[in-house]
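S.K.: Have a peek at run-v2.csv (CSV, C-alpha atoms).
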```csv
chain,number,residue,atom,x,y,z
A,1,MET,CA,81.7,81.5,15.7
A,2,GLU,CA,85.3,80.3,15.9
A,3,ASN,CA,86.6,78.3,18.8
A,4,GLY,CA,89.0,81.1,19.7
A,5,ALA,CA,86.1,83.5,20.5
A,6,VAL,CA,84.5,81.0,22.9
A,7,TYR,CA,87.4,79.3,24.6
A,8,ARG,CA,89.9,81.7,26.2
A,9,PRO,CA,93.1,80.8,28.1
A,10,THR,CA,92.4,80.4,31.9
A,11,THR,CA,96.0,80.1,33.0
A,12,GLU,CA,98.1,83.0,34.2
A,13,GLU,CA,101.8,83.6,34.0
A,14,ASP,CA,103.7,82.8,37.2
A,15,PRO,CA,104.8,86.1,38.7
A,16,GLY,CA,107.7,84.5,40.5
A,17,PRO,CA,108.9,85.1,44.0
A,18,ALA,CA,108.0,88.5,45.6
A,19,ARG,CA,110.7,91.1,45.5
A,20,GLY,CA,110.1,92.2,49.1
A,21,ALA,CA,110.5,88.7,50.6
A,22,ARG,CA,113.7,88.1,52.5
A,23,SER,CA,115.5,84.8,52.8
A,24,GLY,CA,118.5,83.4,54.5
A,25,PHE,CA,120.4,85.6,56.9
A,26,ALA,CA,118.4,88.7,56.0
A,27,ALA,CA,115.2,87.0,57.2
A,28,TYR,CA,116.9,85.8,60.4
A,29,CYS,CA,118.6,89.1,61.3
A,30,ASN,CA,116.6,92.1,62.4
A,31,LEU,CA,118.4,95.4,63.0
A,32,GLY,CA,115.3,97.4,63.6
A,33,ARG,CA,115.3,96.9,67.4
A,34,LEU,CA,118.2,99.5,67.7
A,35,PRO,CA,117.9,103.1,66.4
A,36,LEU,CA,120.3,104.1,63.7
A,37,PRO,CA,122.8,106.0,65.9
A,38,ARG,CA,123.1,103.1,68.3
A,39,ARG,CA,123.5,100.7,65.4
A,40,VAL,CA,126.4,102.8,64.1
A,41,LEU,CA,128.0,103.0,67.5
A,42,LYS,CA,127.6,99.2,68.1
A,43,GLY,CA,129.3,98.5,64.8
A,44,LEU,CA,132.2,100.9,65.6
A,45,GLN,CA,132.6,99.3,69.0
A,46,LEU,CA,132.9,95.9,67.4
A,47,LEU,CA,135.3,97.1,64.7
A,48,LEU,CA,137.6,99.2,66.9
A,49,SER,CA,137.8,96.6,69.7
A,50,LEU,CA,138.8,94.0,67.1
A,51,LEU,CA,141.4,96.3,65.6
A,52,ALA,CA,142.9,97.2,69.0
A,53,PHE,CA,143.2,93.5,69.8
A,54,ILE,CA,144.8,92.7,66.5
A,55,CYS,CA,147.3,95.5,66.8
A,56,GLU,CA,148.1,94.4,70.3
A,57,GLU,CA,148.7,90.8,69.2
A,58,VAL,CA,151.2,92.0,66.6
A,59,VAL,CA,153.5,93.2,69.4
A,60,SER,CA,156.3,90.7,69.7
A,61,GLN,CA,158.2,91.9,72.8
A,62,CYS,CA,157.6,94.3,75.6
A,63,THR,CA,159.5,95.9,78.5
A,64,LEU,CA,156.6,96.4,81.0
A,65,CYS,CA,154.2,93.7,79.9
A,66,GLY,CA,151.6,94.3,82.6
A,67,GLY,CA,149.8,97.0,80.6
A,68,LEU,CA,150.0,95.0,77.5
A,69,TYR,CA,148.4,91.9,79.0
A,70,PHE,CA,145.7,94.0,80.7
A,71,PHE,CA,144.9,95.8,77.4
A,72,GLU,CA,144.8,92.4,75.6
A,73,PHE,CA,142.3,91.1,78.1
A,74,VAL,CA,140.1,94.2,78.0
A,75,SER,CA,140.1,94.5,74.2
A,76,SER,CA,139.2,90.9,73.6
A,77,SER,CA,136.5,90.9,76.3
A,78,ALA,CA,135.0,94.1,74.9
A,79,PHE,CA,134.9,92.6,71.4
A,80,LEU,CA,133.2,89.4,72.6
A,81,LEU,CA,130.6,91.2,74.9
A,82,CYS,CA,129.8,93.7,72.1
A,83,LEU,CA,129.3,90.8,69.7
A,84,LEU,CA,127.1,89.0,72.2
A,85,MET,CA,124.8,92.0,72.6
A,86,LEU,CA,124.5,92.5,68.9
A,87,ILE,CA,123.5,88.8,68.5
A,88,VAL,CA,120.9,89.2,71.2
A,89,TYR,CA,119.5,92.4,69.6
A,90,CYS,CA,119.5,91.2,66.0
A,91,THR,CA,118.3,87.6,66.3
A,92,PRO,CA,115.1,85.9,67.6
A,93,VAL,CA,116.9,85.4,70.9
A,94,TYR,CA,115.6,88.9,71.8
A,95,ASP,CA,112.0,87.7,71.6
A,96,ARG,CA,112.7,84.8,74.0
A,97,VAL,CA,114.1,86.9,76.8
A,98,ASP,CA,112.9,89.8,78.8
A,99,ALA,CA,113.5,93.0,76.9
A,100,GLY,CA,113.9,95.0,80.1
A,101,LYS,CA,116.6,92.8,81.3
A,102,VAL,CA,118.4,93.0,78.0
A,103,LYS,CA,118.4,96.8,78.0
A,104,SER,CA,119.5,96.9,81.6
A,105,SER,CA,122.3,94.5,80.9
A,106,ASP,CA,123.4,96.4,77.9
A,107,PHE,CA,123.3,99.7,79.9
A,108,TYR,CA,125.7,98.4,82.6
A,109,ILE,CA,127.9,96.4,80.3
A,110,THR,CA,128.4,99.4,78.0
A,111,LEU,CA,129.3,101.6,80.9
A,112,GLY,CA,131.7,99.1,82.4
A,113,ILE,CA,133.5,98.3,79.2
A,114,GLY,CA,133.8,102.0,78.3
A,115,CYS,CA,135.4,102.9,81.7
A,116,VAL,CA,137.7,99.8,81.8
A,117,PHE,CA,138.7,100.2,78.2
A,118,LEU,CA,139.6,103.8,78.8
A,119,LEU,CA,141.7,102.8,81.9
A,120,ALA,CA,143.5,100.0,80.0
A,121,SER,CA,144.4,102.4,77.2
A,122,ILE,CA,145.8,105.0,79.6
A,123,ILE,CA,147.9,102.3,81.4
A,124,PHE,CA,149.1,100.8,78.1
A,125,VAL,CA,150.0,104.2,76.6
A,126,SER,CA,152.1,104.9,79.7
A,127,THR,CA,154.0,101.5,79.7
A,128,HIS,CA,154.5,100.6,76.0
A,129,ASP,CA,157.8,100.9,74.1
A,130,HIS,CA,156.5,103.4,71.5
A,131,THR,CA,156.4,101.0,68.6
A,132,SER,CA,154.0,101.6,65.7
A,133,ALA,CA,151.8,98.6,66.5
A,134,GLU,CA,151.5,99.6,70.2
A,135,MET,CA,150.6,103.2,69.3
A,136,ALA,CA,148.0,102.0,66.8
A,137,ALA,CA,146.5,99.7,69.5
A,138,THR,CA,146.2,102.6,72.0
A,139,VAL,CA,144.6,104.8,69.4
A,140,PHE,CA,142.0,102.2,68.6
A,141,GLY,CA,141.6,101.6,72.3
A,142,PHE,CA,140.8,105.2,73.0
A,143,LEU,CA,138.4,105.4,70.1
A,144,ALA,CA,136.6,102.2,71.1
A,145,SER,CA,136.2,103.5,74.7
A,146,LEU,CA,134.7,106.7,73.4
A,147,MET,CA,132.2,104.7,71.3
A,148,PHE,CA,131.2,102.7,74.3
A,149,LEU,CA,130.8,105.9,76.5
A,150,GLY,CA,128.8,107.6,73.7
A,151,ASP,CA,126.5,104.6,73.5
A,152,PHE,CA,126.0,104.8,77.3
A,153,ALA,CA,125.2,108.5,77.0
A,154,ILE,CA,122.5,107.8,74.4
A,155,MET,CA,121.0,105.1,76.6
A,156,MET,CA,121.0,107.4,79.6
A,157,ARG,CA,119.1,110.0,77.6
A,158,GLU,CA,116.5,107.5,76.5
A,159,LYS,CA,116.0,106.3,80.1
A,160,ARG,CA,115.4,109.9,81.2
A,161,GLN,CA,112.9,110.5,78.5
A,162,GLU,CA,111.0,107.3,79.4
A,163,SER,CA,111.0,108.3,83.1
A,164,GLN,CA,109.6,111.8,82.2
A,165,ILE,CA,106.8,110.2,80.1
A,166,ARG,CA,105.8,107.8,82.9
A,167,LYS,CA,106.0,110.5,85.6
A,168,PRO,CA,102.5,111.8,86.4
A,169,ASP,CA,101.7,115.5,86.4
A,170,PRO,CA,101.0,116.7,89.9
A,171,GLY,CA,99.1,119.7,88.6
A,172,ASN,CA,96.4,117.6,87.1
A,173,LYS,CA,96.0,115.7,90.4
A,174,VAL,CA,95.5,119.0,92.3
A,175,LYS,CA,93.0,120.2,89.7
A,176,LYS,CA,90.9,117.0,89.9
A,177,THR,CA,90.9,117.0,93.7
A,178,LEU,CA,89.8,120.6,93.8
A,179,LEU,CA,87.0,119.9,91.4
A,180,HIS,CA,85.8,116.9,93.4
A,181,GLN,CA,85.9,118.9,96.6
A,182,ARG,CA,83.8,121.7,95.1
A,183,LEU,CA,81.3,119.3,93.6
A,184,ALA,CA,80.9,117.5,96.9
A,185,CYS,CA,80.5,120.7,98.9
A,186,TRP,CA,77.7,122.0,96.7
A,187,GLY,CA,75.9,118.7,96.6
A,188,ILE,CA,76.7,117.7,93.0
A,189,PRO,CA,77.3,113.9,92.7
A,190,GLY,CA,80.6,112.7,91.3
A,191,ARG,CA,81.3,109.6,89.2
A,192,GLY,CA,79.7,107.3,91.7
A,193,GLY,CA,76.4,109.2,91.5
A,194,HIS,CA,76.2,110.0,95.2
A,195,GLY,CA,77.4,113.2,96.9
A,196,PRO,CA,77.3,114.6,100.4
A,197,SER,CA,74.7,117.1,101.6
A,198,ARG,CA,74.8,120.7,100.4
A,199,GLY,CA,77.1,122.8,102.7
A,200,PRO,CA,77.9,126.5,103.0
A,201,GLY,CA,80.1,128.2,100.4
A,202,ARG,CA,82.7,129.2,102.9
A,203,LEU,CA,83.1,125.7,104.2
A,204,CYS,CA,83.5,124.5,100.6
A,205,LEU,CA,86.2,127.0,99.8
A,206,ALA,CA,88.0,126.2,103.0
A,207,ALA,CA,87.9,122.4,102.3
A,208,SER,CA,89.1,123.0,98.8
A,209,THR,CA,92.0,125.2,99.9
A,210,THR,CA,92.9,122.6,102.6
A,211,ALA,CA,93.0,119.8,100.1
A,212,ALA,CA,95.2,121.8,97.7
A,213,CYS,CA,97.6,122.6,100.5
A,214,ASP,CA,97.8,118.9,101.6
A,215,LEU,CA,98.7,117.9,98.0
A,216,LEU,CA,101.3,120.5,97.7
```
Represent the structure from my file as structure tokens, please.

M.R.:
Amino acid sequence: MENGAVYRPTTEEDPGPARGARSGFAAYCNLGRLPLPRRVLKGLQLLLSLLAFICEEVVSQCTLCGGLYFFEFVSSSAFLLCLLMLIVYCTPVYDRVDAGKVKSSDFYITLGIGCVFLLASIIFVSTHDHTSAEMAATVFGFLASLMFLGDFAIMMREKRQESQIRKPDPGNKVKKTLLHQRLACWGIPGRGGHGPSRGPGRLCLAASTTAACDLL
């Protein structure tokens, strides 16, 4: 018998790194904490706020500069706050803080930015000198404020759905109370294994009706 038939190779080819493994920024960033509609809205908020700020900075002169300065402050603040919330959601910072506080902060920050950005855009459009840069800044400002308010509407709907899920059904409570009353009146023990003495049927019905009326 030849040596080739007895001794076979025991080493295997190196398969290389797994295709599904992520490295670098992809492994550090996690976008799955936000649903897809909110991810799109957050990205648009960031982009439109930045574009509004850039167009406002292009303006070289102004007649009524109060609206311009207010719009500058609001657009830059909106961009920075939106960037901060995205960093919290998409990085391991989210795991180190309370998730409820993050969502609550995002809820009120989004509402505040949307309202103030809308107000700043209205003031700026009524005081600017009708240059192309100013008009572009106001358009981006209105669009950004709509993105913030739309994100707030989605969060409001999610909070209502969560409150409806957590809210107990009063009908089930009434049914359970009536059942325990009937079992107790007829002398059938409940979960504890002990029940009161057997009573008349009329008294049982009256007690059950009284308990149902008290709950309602």

S.K.: Using all atoms listed in the file, what does the table of region 129-173 of chain A residues within 10 Å of region 60-79 of chain A look like, with each row giving the shortest atom pair and its distance in Å to one decimal, sorted by chain and ascending number, as JSON lines?

M.R.:
```
{"residue": "A:Asp129", "atom": "CA", "partner": "A:Cys62", "partner_atom": "CA", "distance": 6.8}
{"residue": "A:Thr131", "atom": "CA", "partner": "A:Cys62", "partner_atom": "CA", "distance": 9.8}
{"residue": "A:Ala133", "atom": "CA", "partner": "A:Ser60", "partner_atom": "CA", "distance": 9.6}
{"residue": "A:Glu134", "atom": "CA", "partner": "A:Leu68", "partner_atom": "CA", "distance": 8.8}
{"residue": "A:Ala137", "atom": "CA", "partner": "A:Phe71", "partner_atom": "CA", "distance": 9.0}
{"residue": "A:Thr138", "atom": "CA", "partner": "A:Phe71", "partner_atom": "CA", "distance": 8.8}
{"residue": "A:Phe140", "atom": "CA", "partner": "A:Ser75", "partner_atom": "CA", "distance": 9.7}
{"residue": "A:Gly141", "atom": "CA", "partner": "A:Ser75", "partner_atom": "CA", "distance": 7.5}
{"residue": "A:Ala144", "atom": "CA", "partner": "A:Ser75", "partner_atom": "CA", "distance": 9.0}
{"residue": "A:Ser145", "atom": "CA", "partner": "A:Ala78", "partner_atom": "CA", "distance": 9.5}
{"residue": "A:Phe148", "atom": "CA", "partner": "A:Ala78", "partner_atom": "CA", "distance": 9.4}
```

S.K.: Which of these residues is nearest to Met155 (chain A), using only C-alpha atoms: A:Arg39, A:His130, A:Lys103, A:Arg96?

M.R.: A:Lys103

S.K.: So, with only C-alpha atoms as the atoms that count, which of A:Leu46, A:Tyr94, A:Asp151, A:Leu143 lies closest to Leu111 (chain A)?

M.R.: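 Using only C-alpha atoms, the shortest distance to Leu111 (chain A) belongs to A:Asp151.
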
S.K.: Using all atoms listed in the file, I'd like a table of the residues in region 44-147 of chain A that come within 12 Å of region 157-163 of chain A; for each, show the closest atom pair and its distance in Å rounded to one decimal, ordered by chain and ascending number, as JSON lines.

M.R.:
```
{"residue": "A:Gly100", "atom": "CA", "partner": "A:Lys159", "partner_atom": "CA", "distance": 11.5}
{"residue": "A:Lys103", "atom": "CA", "partner": "A:Lys159", "partner_atom": "CA", "distance": 10.0}
{"residue": "A:Ser104", "atom": "CA", "partner": "A:Lys159", "partner_atom": "CA", "distance": 10.1}
{"residue": "A:Phe107", "atom": "CA", "partner": "A:Lys159", "partner_atom": "CA", "distance": 9.8}
```

S.K.: Kindly give the distance, in Å, that separates CA of Met147 (chain A) and CA of Ser126 (chain A), rounded to a single decimal.

M.R.: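 Pair CA of Met147 (chain A) / CA of Ser126 (chain A) returns 21.6 Å.
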
S.K.: So the first atom is CA of Ile154 (chain A) and the second is CA of Pro37 (chain A); what is the distance between them in Å, to one decimal place?

M.R.: 8.7 Å

S.K.: Return the single residue from A:Ile113, A:Ile122, A:Ala136, A:Leu84 that is closest to Cys55 (chain A), with distances computed using all atoms listed in the file.

M.R.: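 For Cys55 (chain A), the nearest of the given residues is A:Ala136.
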
S.K.: For CA of Asn30 (chain A) and CA of Gly43 (chain A), quote the distance in Å rounded to one decimal.

M.R.: 14.4 Å

S.K.: Let me make sure I understand: among A:Ile165, A:Cys29, A:Cys82, A:Ile109, which one has the smallest atom-to-atom distance to Leu44 (chain A) if we use all atoms listed in the file?

M.R.: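 Result for the nearest residue to Leu44 (chain A): A:Cys82.
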